[in-house]
file structure.pdb (PDB, C-alpha atoms and all ligand atoms)
ATOM      1  CA  MET A1340      13.822 256.300  93.810  1.00  0.00           C
ATOM      2  CA  LYS A1341      12.480 259.827  94.421  1.00  0.00           C
ATOM      3  CA  ILE A1342      12.645 262.373  91.599  1.00  0.00           C
ATOM      4  CA  LEU A1343      11.779 266.028  92.179  1.00  0.00           C
ATOM      5  CA  LEU A1344      10.181 268.086  89.402  1.00  0.00           C
ATOM      6  CA  ILE A1345      10.656 271.841  89.857  1.00  0.00           C
ATOM      7  CA  ASN A1346       8.938 274.450  87.685  1.00  0.00           C
ATOM      8  CA  GLY A1347       9.802 278.136  87.910  1.00  0.00           C
ATOM      9  CA  PRO A1348       7.916 281.399  87.395  1.00  0.00           C
ATOM     10  CA  ASN A1349       4.768 281.671  85.275  1.00  0.00           C
ATOM     11  CA  LEU A1350       4.699 277.995  84.333  1.00  0.00           C
ATOM     12  CA  GLN A1351       1.415 277.716  86.250  1.00  0.00           C
ATOM     13  CA  LEU A1352      -0.030 279.613  83.248  1.00  0.00           C
ATOM     14  CA  LEU A1353       0.749 276.785  80.830  1.00  0.00           C
ATOM     15  CA  GLY A1354      -2.223 275.838  78.713  1.00  0.00           C
ATOM     16  CA  TYR A1355      -4.041 279.074  79.555  1.00  0.00           C
ATOM     17  CA  ARG A1356      -1.804 281.639  77.763  1.00  0.00           C
ATOM     18  CA  GLU A1357       0.590 281.715  74.767  1.00  0.00           C
ATOM     19  CA  PRO A1358      -0.161 278.224  73.364  1.00  0.00           C
ATOM     20  CA  GLY A1359       1.765 279.195  70.204  1.00  0.00           C
ATOM     21  CA  ILE A1360       5.067 279.211  72.114  1.00  0.00           C
ATOM     22  CA  TYR A1361       4.475 276.838  75.008  1.00  0.00           C
ATOM     23  CA  GLY A1362       1.757 274.457  73.744  1.00  0.00           C
ATOM     24  CA  ASP A1363      -1.725 273.828  75.080  1.00  0.00           C
ATOM     25  CA  ASP A1364      -1.003 271.299  77.825  1.00  0.00           C
ATOM     26  CA  THR A1365      -1.529 272.547  81.359  1.00  0.00           C
ATOM     27  CA  LEU A1366       1.198 272.062  83.974  1.00  0.00           C
ATOM     28  CA  GLU A1367      -1.170 269.686  85.792  1.00  0.00           C
ATOM     29  CA  ALA A1368      -1.482 267.533  82.635  1.00  0.00           C
ATOM     30  CA  ILE A1369       2.293 267.455  82.081  1.00  0.00           C
ATOM     31  CA  THR A1370       2.887 266.578  85.745  1.00  0.00           C
ATOM     32  CA  SER A1371       0.317 263.834  85.779  1.00  0.00           C
ATOM     33  CA  ARG A1372       1.829 262.197  82.651  1.00  0.00           C
ATOM     34  CA  LEU A1373       5.266 262.382  84.264  1.00  0.00           C
ATOM     35  CA  ARG A1374       3.872 260.834  87.442  1.00  0.00           C
ATOM     36  CA  GLU A1375       2.539 257.906  85.379  1.00  0.00           C
ATOM     37  CA  LEU A1376       5.907 257.457  83.649  1.00  0.00           C
ATOM     38  CA  ALA A1377       7.666 257.596  87.024  1.00  0.00           C
ATOM     39  CA  ALA A1378       5.348 254.909  88.405  1.00  0.00           C
ATOM     40  CA  GLU A1379       5.996 252.692  85.340  1.00  0.00           C
ATOM     41  CA  LEU A1380       9.731 252.982  86.031  1.00  0.00           C
ATOM     42  CA  GLY A1381       9.242 252.336  89.758  1.00  0.00           C
ATOM     43  CA  CYS A1382       9.982 255.917  90.855  1.00  0.00           C
ATOM     44  CA  GLU A1383       8.137 258.417  92.979  1.00  0.00           C
ATOM     45  CA  LEU A1384       7.614 261.888  91.482  1.00  0.00           C
ATOM     46  CA  ILE A1385       7.429 264.874  93.813  1.00  0.00           C
ATOM     47  CA  ASP A1386       6.418 268.172  92.177  1.00  0.00           C
ATOM     48  CA  PHE A1387       6.916 271.811  93.083  1.00  0.00           C
ATOM     49  CA  GLN A1388       6.166 275.087  91.274  1.00  0.00           C
ATOM     50  CA  SER A1389       7.026 278.562  92.482  1.00  0.00           C
ATOM     51  CA  ASN A1390       7.225 282.076  91.128  1.00  0.00           C
ATOM     52  CA  TYR A1391       9.807 282.970  93.812  1.00  0.00           C
ATOM     53  CA  GLU A1392      13.544 282.455  93.419  1.00  0.00           C
ATOM     54  CA  GLY A1393      14.129 282.038  97.177  1.00  0.00           C
ATOM     55  CA  ALA A1394      11.403 279.401  97.455  1.00  0.00           C
ATOM     56  CA  ILE A1395      13.077 277.391  94.675  1.00  0.00           C
ATOM     57  CA  VAL A1396      16.451 277.724  96.421  1.00  0.00           C
ATOM     58  CA  ASP A1397      14.846 276.528  99.705  1.00  0.00           C
ATOM     59  CA  ARG A1398      13.172 273.577  97.948  1.00  0.00           C
ATOM     60  CA  ILE A1399      16.471 272.469  96.375  1.00  0.00           C
ATOM     61  CA  GLY A1400      18.125 272.713  99.807  1.00  0.00           C
ATOM     62  CA  GLU A1401      15.565 270.292 101.297  1.00  0.00           C
ATOM     63  CA  THR A1402      16.293 267.511  98.794  1.00  0.00           C
ATOM     64  CA  VAL A1403      19.285 265.922 100.521  1.00  0.00           C
ATOM     65  CA  ALA A1404      17.447 265.304 103.820  1.00  0.00           C
ATOM     66  CA  GLU A1405      14.420 263.817 102.020  1.00  0.00           C
ATOM     67  CA  GLY A1406      16.498 261.408  99.950  1.00  0.00           C
ATOM     68  CA  VAL A1407      15.812 262.809  96.473  1.00  0.00           C
ATOM     69  CA  SER A1408      17.971 261.068  93.841  1.00  0.00           C
ATOM     70  CA  GLY A1409      17.524 263.465  90.930  1.00  0.00           C
ATOM     71  CA  ILE A1410      15.885 266.726  89.850  1.00  0.00           C
ATOM     72  CA  VAL A1411      14.088 267.712  86.628  1.00  0.00           C
ATOM     73  CA  LEU A1412      14.183 271.508  86.601  1.00  0.00           C
ATOM     74  CA  ASN A1413      12.553 274.090  84.370  1.00  0.00           C
ATOM     75  CA  PRO A1414      13.894 277.286  85.952  1.00  0.00           C
ATOM     76  CA  ALA A1415      11.894 279.360  83.399  1.00  0.00           C
ATOM     77  CA  ALA A1416      13.101 282.999  83.348  1.00  0.00           C
ATOM     78  CA  TYR A1417      15.486 282.285  86.258  1.00  0.00           C
ATOM     79  CA  THR A1418      17.506 280.158  83.808  1.00  0.00           C
ATOM     80  CA  HIS A1419      18.938 283.373  82.433  1.00  0.00           C
ATOM     81  CA  THR A1420      19.400 285.281  85.706  1.00  0.00           C
ATOM     82  CA  SER A1421      19.843 283.104  88.773  1.00  0.00           C
ATOM     83  CA  VAL A1422      23.223 282.529  90.349  1.00  0.00           C
ATOM     84  CA  ALA A1423      21.337 281.558  93.543  1.00  0.00           C
ATOM     85  CA  ILE A1424      19.582 278.570  91.912  1.00  0.00           C
ATOM     86  CA  ARG A1425      22.831 277.493  90.251  1.00  0.00           C
ATOM     87  CA  ASP A1426      24.658 277.623  93.603  1.00  0.00           C
ATOM     88  CA  ALA A1427      21.883 275.607  95.283  1.00  0.00           C
ATOM     89  CA  ILE A1428      22.185 272.801  92.694  1.00  0.00           C
ATOM     90  CA  ALA A1429      25.966 272.811  92.910  1.00  0.00           C
ATOM     91  CA  ALA A1430      25.722 272.652  96.734  1.00  0.00           C
ATOM     92  CA  VAL A1431      23.370 269.658  96.979  1.00  0.00           C
ATOM     93  CA  LYS A1432      25.233 267.726  94.244  1.00  0.00           C
ATOM     94  CA  ILE A1433      22.050 265.954  93.133  1.00  0.00           C
ATOM     95  CA  PRO A1434      22.012 265.071  89.401  1.00  0.00           C
ATOM     96  CA  THR A1435      19.793 267.644  87.704  1.00  0.00           C
ATOM     97  CA  VAL A1436      18.461 267.962  84.160  1.00  0.00           C
ATOM     98  CA  GLU A1437      17.485 271.418  82.877  1.00  0.00           C
ATOM     99  CA  VAL A1438      14.359 271.327  80.736  1.00  0.00           C
ATOM    100  CA  HIS A1439      12.629 273.839  78.460  1.00  0.00           C
ATOM    101  CA  LEU A1440       9.464 273.591  76.436  1.00  0.00           C
ATOM    102  CA  SER A1441      10.726 275.983  73.789  1.00  0.00           C
ATOM    103  CA  ASN A1442      14.008 275.911  71.892  1.00  0.00           C
ATOM    104  CA  VAL A1443      15.671 278.709  73.837  1.00  0.00           C
ATOM    105  CA  HIS A1444      18.442 278.911  71.201  1.00  0.00           C
ATOM    106  CA  ALA A1445      15.985 279.834  68.462  1.00  0.00           C
ATOM    107  CA  ARG A1446      14.476 282.758  70.401  1.00  0.00           C
ATOM    108  CA  GLU A1447      15.808 286.064  71.748  1.00  0.00           C
ATOM    109  CA  GLU A1448      19.573 286.310  72.315  1.00  0.00           C
ATOM    110  CA  PHE A1449      19.186 286.656  76.129  1.00  0.00           C
ATOM    111  CA  ARG A1450      17.588 283.194  76.325  1.00  0.00           C
ATOM    112  CA  ARG A1451      20.693 281.544  74.857  1.00  0.00           C
ATOM    113  CA  HIS A1452      22.635 281.852  78.092  1.00  0.00           C
ATOM    114  CA  SER A1453      21.874 279.596  81.043  1.00  0.00           C
ATOM    115  CA  PHE A1454      23.377 280.087  84.491  1.00  0.00           C
ATOM    116  CA  ILE A1455      22.010 276.663  85.410  1.00  0.00           C
ATOM    117  CA  ALA A1456      23.211 274.387  82.575  1.00  0.00           C
ATOM    118  CA  PRO A1457      26.890 274.195  83.699  1.00  0.00           C
ATOM    119  CA  VAL A1458      25.853 272.492  86.971  1.00  0.00           C
ATOM    120  CA  CYS A1459      23.424 270.064  85.265  1.00  0.00           C
ATOM    121  CA  ILE A1460      24.116 266.629  83.785  1.00  0.00           C
ATOM    122  CA  GLY A1461      22.144 267.605  80.657  1.00  0.00           C
ATOM    123  CA  VAL A1462      19.672 269.970  79.012  1.00  0.00           C
ATOM    124  CA  VAL A1463      16.550 269.189  76.953  1.00  0.00           C
ATOM    125  CA  ALA A1464      14.861 272.039  75.058  1.00  0.00           C
ATOM    126  CA  GLY A1465      12.449 272.551  72.193  1.00  0.00           C
ATOM    127  CA  PHE A1466      10.153 269.527  72.302  1.00  0.00           C
ATOM    128  CA  GLY A1467       7.197 271.172  74.036  1.00  0.00           C
ATOM    129  CA  ALA A1468       5.668 269.059  76.799  1.00  0.00           C
ATOM    130  CA  ASP A1469       7.682 266.053  75.533  1.00  0.00           C
ATOM    131  CA  SER A1470      10.853 267.809  76.770  1.00  0.00           C
ATOM    132  CA  TYR A1471       9.828 266.804  80.310  1.00  0.00           C
ATOM    133  CA  GLU A1472       9.488 263.116  79.429  1.00  0.00           C
ATOM    134  CA  LEU A1473      12.808 263.116  77.550  1.00  0.00           C
ATOM    135  CA  ALA A1474      14.515 264.839  80.490  1.00  0.00           C
ATOM    136  CA  PHE A1475      13.000 262.365  82.948  1.00  0.00           C
ATOM    137  CA  ARG A1476      14.122 259.359  80.882  1.00  0.00           C
ATOM    138  CA  GLY A1477      17.653 260.783  80.539  1.00  0.00           C
ATOM    139  CA  LEU A1478      17.877 261.422  84.278  1.00  0.00           C
ATOM    140  CA  TYR A1479      16.505 257.982  85.143  1.00  0.00           C
ATOM    141  CA  SER A1480      19.008 256.266  82.849  1.00  0.00           C
ATOM    142  CA  HIS A1481      21.871 258.299  84.364  1.00  0.00           C
ATOM    143  CA  LEU A1482      20.791 257.370  87.907  1.00  0.00           C
ATOM    144  CA  ARG A1483      20.474 253.658  87.031  1.00  0.00           C
ATOM    145  CA  LYS A1484      24.013 253.635  85.614  1.00  0.00           C
ATOM    146  CA  GLN A1485      25.280 255.472  88.710  1.00  0.00           C
ATOM    147  CA  THR A1486      23.703 252.838  90.995  1.00  0.00           C
ATOM    148  CA  LYS A1487      25.127 249.939  88.928  1.00  0.00           C
ATOM    149  CA  ASN A1488      28.628 251.476  88.997  1.00  0.00           C
ATOM    150  CA  LYS A1489      28.441 251.913  92.788  1.00  0.00           C
ATOM    151  CA  ASN A1490      27.485 248.259  93.281  1.00  0.00           C
ATOM    152  CA  HIS A1491      30.327 246.859  91.172  1.00  0.00           C
TER     153      HIS A1491
HETATM  154  O1  LIG A1501      10.784 277.198  77.206  1.00  0.00           O
HETATM  155  C1  LIG A1501      10.776 277.160  78.443  1.00  0.00           C
HETATM  156  O2  LIG A1501      10.410 276.174  79.065  1.00  0.00           O
HETATM  157  C2  LIG A1501      11.191 278.401  79.234  1.00  0.00           C
HETATM  158  O3  LIG A1501      11.841 277.950  80.428  1.00  0.00           O
HETATM  159  C3  LIG A1501       9.911 279.133  79.574  1.00  0.00           C
HETATM  160  C4  LIG A1501      10.163 280.451  80.308  1.00  0.00           C
HETATM  161  C5  LIG A1501      11.170 281.306  79.545  1.00  0.00           C
HETATM  162  O4  LIG A1501      11.474 282.472  80.289  1.00  0.00           O
HETATM  163  C6  LIG A1501      12.448 280.551  79.253  1.00  0.00           C
HETATM  164  O5  LIG A1501      13.301 281.379  78.496  1.00  0.00           O
HETATM  165  C7  LIG A1501      12.158 279.281  78.462  1.00  0.00           C
HETATM  166  C8  LIG A1501       8.857 281.247  80.450  1.00  0.00           C
HETATM  167  C9  LIG A1501       7.804 280.505  81.224  1.00  0.00           C
HETATM  168  C10 LIG A1501       6.553 281.290  81.160  1.00  0.00           C
HETATM  169  O6  LIG A1501       5.497 280.402  80.944  1.00  0.00           O
HETATM  170  C11 LIG A1501       4.358 280.886  80.390  1.00  0.00           C
HETATM  171  C12 LIG A1501       3.388 279.962  80.104  1.00  0.00           C
HETATM  172  C13 LIG A1501       2.217 280.358  79.536  1.00  0.00           C
HETATM  173  C14 LIG A1501       2.013 281.698  79.250  1.00  0.00           C
HETATM  174  C15 LIG A1501       2.991 282.633  79.541  1.00  0.00           C
HETATM  175  C16 LIG A1501       4.173 282.223  80.126  1.00  0.00           C
END
call {"tool": "encode", "arguments": {"input": "structure.pdb", "output": "structure tokens", "more": "lines below"}}
Ligand code: CA2
result
Amino acid sequence: MKILLINGPNLQLLGYREPGIYGDDTLEAITSRLRELAAELGCELIDFQSNYEGAIVDRIGETVAEGVSGIVLNPAAYTHTSVAIRDAIAAVKIPTVEVHLSNVHAREEFRRHSFIAPVCIGVVAGFGADSYELAFRGLYSHLRKQTKNKNH
């Protein structure tokens, strides 16, 4: 089972800036822990980070042809602005979990609205780097149930 991890703008700065809000783990450290978890569960993790909305849209569009089963997505600031990313997820129809390090509901008002959440199977926010693991486990469990239901 292939799972794609997508991280949006500025998340390459994780661990180097603003540890008070986003923690002190680097994106590389978070990704490598997720890769280990994926391997334990018998999955392959593919990862992608971009600061460009169009590049994220293109990457989502490639998932069907490459046989990706699910997506863990931290759209970062594009969460609150991007109809294009939302449309891309809706178009590919691949189960997607939206993930945030911070509790977006406890911050500025503009972070409380997500364009992406309505086309996702779930959202995890506020647990720092652990949000990624929780999102991955939720997605994996959803995909396992989906497979079982198809085979019965
Ligand atoms: O909490 C999250 O994961 C966010 O997606 C992070 C975004 C923010 O715009 C969302 O509202 C919530 C910001 C990512 C920027 O990452 C940085 C990391 C280190 C230093 C500065 C920015």
call {"tool": "atom_distance", "arguments": {"input": "structure.pdb", "atom1": "atom CA of Val1443 of chain A", "atom2": "atom C5 of ligand LIG 1501 (chain A)"}}
result
7.7 Å
call {"tool": "residues_near_ligand", "arguments": {"input": "structure.pdb", "ligand": "ligand LIG 1501 (chain A)", "cutoff": "7 Å", "atoms": "all atoms listed in the file", "output": "list in words"}}
result
Pro1348, Asn1349, Leu1350, Gln1351, Leu1352, Leu1353, Gly1354, Tyr1355, Arg1356, Glu1357, Pro1358, Tyr1361, Asn1413, Pro1414, Ala1415, Ala1416, Thr1418, Val1438, His1439, Leu1440, Ser1441, Asn1442, Val1443, Arg1450 and Ala1464 of chain A
call {"tool": "closest_residue", "arguments": {"input": "structure.pdb", "among": "A:Glu1472, A:Leu1478, A:Ser1421, A:Glu1437", "to": "Cys1459 of chain A", "atoms": "all atoms listed in the file"}}
result
A:Glu1437
call {"tool": "atom_distance", "arguments": {"input": "structure.pdb", "atom1": "atom CA of Asp1469 of chain A", "atom2": "atom CA of Pro1457 of chain A"}}
result
22.4 Å
call {"tool": "resolve_selection", "arguments": {"input": "structure.pdb", "expression": "the PyMOL selection byres (((chain A and resi 1473) around 12) and not hetatm)", "output": "JSON, numbers by chain"}}
result
{"A": [1373, 1376, 1411, 1436, 1437, 1438, 1439, 1440, 1461, 1462, 1463, 1464, 1465, 1466, 1467, 1468, 1469, 1470, 1471, 1472, 1474, 1475, 1476, 1477, 1478, 1479, 1480]}
call {"tool": "closest_residue", "arguments": {"input": "structure.pdb", "among": "A:Ala1368, A:Ala1377, A:Val1396, A:Leu1412", "to": "Asn1346 of chain A", "atoms": "all atoms listed in the file"}}
result
A:Leu1412
call {"tool": "atom_distance", "arguments": {"input": "structure.pdb", "atom1": "atom CA of Glu1392 of chain A", "atom2": "atom CA of Leu1482 of chain A"}}
result
26.7 Å
call {"tool": "residues_near_point", "arguments": {"input": "structure.pdb", "point": "(12.4, 283.3, 95.6)", "cutoff": "12 Å", "atoms": "all atoms listed in the file", "output": "mmCIF file with C-alpha atoms, in the frame of the given file"}}
result
data_model
loop_
_atom_site.group_PDB
_atom_site.id
_atom_site.type_symbol
_atom_site.label_atom_id
_atom_site.label_comp_id
_atom_site.auth_asym_id
_atom_site.auth_seq_id
_atom_site.Cartn_x
_atom_site.Cartn_y
_atom_site.Cartn_z
ATOM 1 C CA GLY A 1347 9.802 278.136 87.910
ATOM 2 C CA PRO A 1348 7.916 281.399 87.395
ATOM 3 C CA GLN A 1388 6.166 275.087 91.274
ATOM 4 C CA SER A 1389 7.026 278.562 92.482
ATOM 5 C CA ASN A 1390 7.225 282.076 91.128
ATOM 6 C CA TYR A 1391 9.807 282.970 93.812
ATOM 7 C CA GLU A 1392 13.544 282.455 93.419
ATOM 8 C CA GLY A 1393 14.129 282.038 97.177
ATOM 9 C CA ALA A 1394 11.403 279.401 97.455
ATOM 10 C CA ILE A 1395 13.077 277.391 94.675
ATOM 11 C CA VAL A 1396 16.451 277.724 96.421
ATOM 12 C CA ASP A 1397 14.846 276.528 99.705
ATOM 13 C CA ARG A 1398 13.172 273.577 97.948
ATOM 14 C CA ILE A 1399 16.471 272.469 96.375
ATOM 15 C CA PRO A 1414 13.894 277.286 85.952
ATOM 16 C CA TYR A 1417 15.486 282.285 86.258
ATOM 17 C CA SER A 1421 19.843 283.104 88.773
ATOM 18 C CA ALA A 1423 21.337 281.558 93.543
ATOM 19 C CA ILE A 1424 19.582 278.570 91.912
#
call {"tool": "closest_residue", "arguments": {"input": "structure.pdb", "among": "A:Val1403, A:Ile1410, A:Leu1366, A:Ile1360", "to": "Arg1446 of chain A", "atoms": "only C-alpha atoms"}}
result
A:Ile1360
call {"tool": "residues_around", "arguments": {"input": "structure.pdb", "residues": "His1452 of chain A", "least_positions_apart": "3", "cutoff": "10 Å", "atoms": "all atoms listed in the file", "output": "PyMOL selection string"}}
result
chain A and resi 1418-1420+1443-1444+1448-1449+1455-1456
call {"tool": "write_last_selection", "arguments": {"input": "structure.pdb", "atoms": "C-alpha atoms", "output": "short mmCIF file (atom, residue, chain, number, x, y, z; two decimals), in the frame of the given file"}}
result
data_model
loop_
_atom_site.label_atom_id
_atom_site.label_comp_id
_atom_site.auth_asym_id
_atom_site.auth_seq_id
_atom_site.Cartn_x
_atom_site.Cartn_y
_atom_site.Cartn_z
CA THR A 1418 17.51 280.16 83.81
CA HIS A 1419 18.94 283.37 82.43
CA THR A 1420 19.40 285.28 85.71
CA VAL A 1443 15.67 278.71 73.84
CA HIS A 1444 18.44 278.91 71.20
CA GLU A 1448 19.57 286.31 72.32
CA PHE A 1449 19.19 286.66 76.13
CA ILE A 1455 22.01 276.66 85.41
CA ALA A 1456 23.21 274.39 82.58
#
call {"tool": "resolve_selection", "arguments": {"input": "structure.pdb", "expression": "the PyMOL selection byres (((chain A and resi 1434) around 6) and not hetatm)", "output": "VMD selection string"}}
result
chain A and resid 1409 1433 1435
call {"tool": "closest_residue", "arguments": {"input": "structure.pdb", "among": "A:Ser1453, A:Asn1490, A:Thr1365, A:Gln1485", "to": "Ser1408 of chain A", "atoms": "all atoms listed in the file"}}
result
A:Gln1485
call {"tool": "closest_residue", "arguments": {"input": "structure.pdb", "among": "A:Met1340, A:Ala1445, A:Val1422, A:Ala1404", "to": "Thr1486 of chain A", "atoms": "only C-alpha atoms"}}
result
A:Met1340
call {"tool": "resolve_selection", "arguments": {"input": "structure.pdb", "expression": "the PyMOL selection byres (((chain A and resi 1343) around 7) and not hetatm)", "output": "VMD selection string"}}
result
chain A and resid 1341 to 1342 1344 to 1345 1384 to 1386 1407 1409 to 1411
call {"tool": "closest_residue", "arguments": {"input": "structure.pdb", "among": "A:Phe1387, A:Ile1460, A:Glu1367, A:Val1431", "to": "Gly1406 of chain A", "atoms": "only C-alpha atoms"}}
result
A:Val1431
call {"tool": "axis_aligned_box", "arguments": {"input": "structure.pdb", "around": "segment 1351-1366 of chain A", "padding_each_side": "3 Å", "output": "lines of an AutoDock Vina configuration file"}}
result
center_x = 0.5
center_y = 276.5
center_z = 78.2
size_x = 15.1
size_y = 16.4
size_z = 22.0
call {"tool": "decode", "arguments": {"input": "structure.pdb", "residues": "segment 1434-1449 of chain A", "atoms": "N, CA, C and O atoms", "output": "mmCIF file, in the first residue's frame"}}
result
data_model
loop_
_atom_site.group_PDB
_atom_site.id
_atom_site.type_symbol
_atom_site.label_atom_id
_atom_site.label_comp_id
_atom_site.auth_asym_id
_atom_site.auth_seq_id
_atom_site.Cartn_x
_atom_site.Cartn_y
_atom_site.Cartn_z
ATOM 1 N N PRO A 1434 -8.635 8.807 -0.524
ATOM 2 C CA PRO A 1434 -8.837 9.199 0.868
ATOM 3 C C PRO A 1434 -7.666 10.012 1.409
ATOM 4 O O PRO A 1434 -6.505 9.608 1.305
ATOM 5 N N THR A 1435 -8.001 11.178 1.960
ATOM 6 C CA THR A 1435 -6.978 12.130 2.407
ATOM 7 C C THR A 1435 -7.280 12.568 3.835
ATOM 8 O O THR A 1435 -8.439 12.798 4.188
ATOM 9 N N VAL A 1436 -6.221 12.662 4.650
ATOM 10 C CA VAL A 1436 -6.368 13.194 6.004
ATOM 11 C C VAL A 1436 -5.603 14.511 6.075
ATOM 12 O O VAL A 1436 -4.422 14.579 5.704
ATOM 13 N N GLU A 1437 -6.283 15.558 6.526
ATOM 14 C CA GLU A 1437 -5.640 16.867 6.726
ATOM 15 C C GLU A 1437 -4.969 16.862 8.096
ATOM 16 O O GLU A 1437 -5.567 16.413 9.077
ATOM 17 N N VAL A 1438 -3.732 17.338 8.148
ATOM 18 C CA VAL A 1438 -2.997 17.308 9.407
ATOM 19 C C VAL A 1438 -2.371 18.678 9.690
ATOM 20 O O VAL A 1438 -1.932 19.375 8.770
ATOM 21 N N HIS A 1439 -2.400 19.046 10.977
ATOM 22 C CA HIS A 1439 -1.732 20.280 11.420
ATOM 23 C C HIS A 1439 -0.968 20.025 12.703
ATOM 24 O O HIS A 1439 -1.467 19.328 13.603
ATOM 25 N N LEU A 1440 0.177 20.629 12.792
ATOM 26 C CA LEU A 1440 0.971 20.546 14.028
ATOM 27 C C LEU A 1440 0.272 21.300 15.151
ATOM 28 O O LEU A 1440 0.149 20.821 16.275
ATOM 29 N N SER A 1441 -0.157 22.519 14.821
ATOM 30 C CA SER A 1441 -0.771 23.375 15.839
ATOM 31 C C SER A 1441 -2.283 23.176 15.868
ATOM 32 O O SER A 1441 -2.865 22.659 14.905
ATOM 33 N N ASN A 1442 -2.898 23.592 16.969
ATOM 34 C CA ASN A 1442 -4.363 23.574 17.037
ATOM 35 C C ASN A 1442 -4.869 24.847 16.356
ATOM 36 O O ASN A 1442 -4.942 25.916 16.969
ATOM 37 N N VAL A 1443 -5.212 24.708 15.086
ATOM 38 C CA VAL A 1443 -5.591 25.871 14.282
ATOM 39 C C VAL A 1443 -6.818 26.602 14.859
ATOM 40 O O VAL A 1443 -7.007 27.794 14.625
ATOM 41 N N HIS A 1444 -7.623 25.888 15.648
ATOM 42 C CA HIS A 1444 -8.826 26.504 16.233
ATOM 43 C C HIS A 1444 -8.523 27.373 17.439
ATOM 44 O O HIS A 1444 -9.379 28.148 17.875
ATOM 45 N N ALA A 1445 -7.321 27.243 17.974
ATOM 46 C CA ALA A 1445 -6.950 28.035 19.152
ATOM 47 C C ALA A 1445 -6.051 29.214 18.772
ATOM 48 O O ALA A 1445 -5.469 29.852 19.635
ATOM 49 N N ARG A 1446 -5.956 29.484 17.463
ATOM 50 C CA ARG A 1446 -5.068 30.562 16.993
ATOM 51 C C ARG A 1446 -5.908 31.690 16.370
ATOM 52 O O ARG A 1446 -7.020 31.935 16.792
ATOM 53 N N GLU A 1447 -5.351 32.371 15.385
ATOM 54 C CA GLU A 1447 -6.086 33.486 14.773
ATOM 55 C C GLU A 1447 -7.368 32.971 14.102
ATOM 56 O O GLU A 1447 -7.409 31.848 13.601
ATOM 57 N N GLU A 1448 -8.368 33.831 14.031
ATOM 58 C CA GLU A 1448 -9.663 33.489 13.448
ATOM 59 C C GLU A 1448 -9.514 32.922 12.016
ATOM 60 O O GLU A 1448 -10.183 31.950 11.659
ATOM 61 N N PHE A 1449 -8.621 33.520 11.201
ATOM 62 C CA PHE A 1449 -8.531 33.080 9.792
ATOM 63 C C PHE A 1449 -8.059 31.639 9.655
ATOM 64 O O PHE A 1449 -8.266 31.006 8.620
#
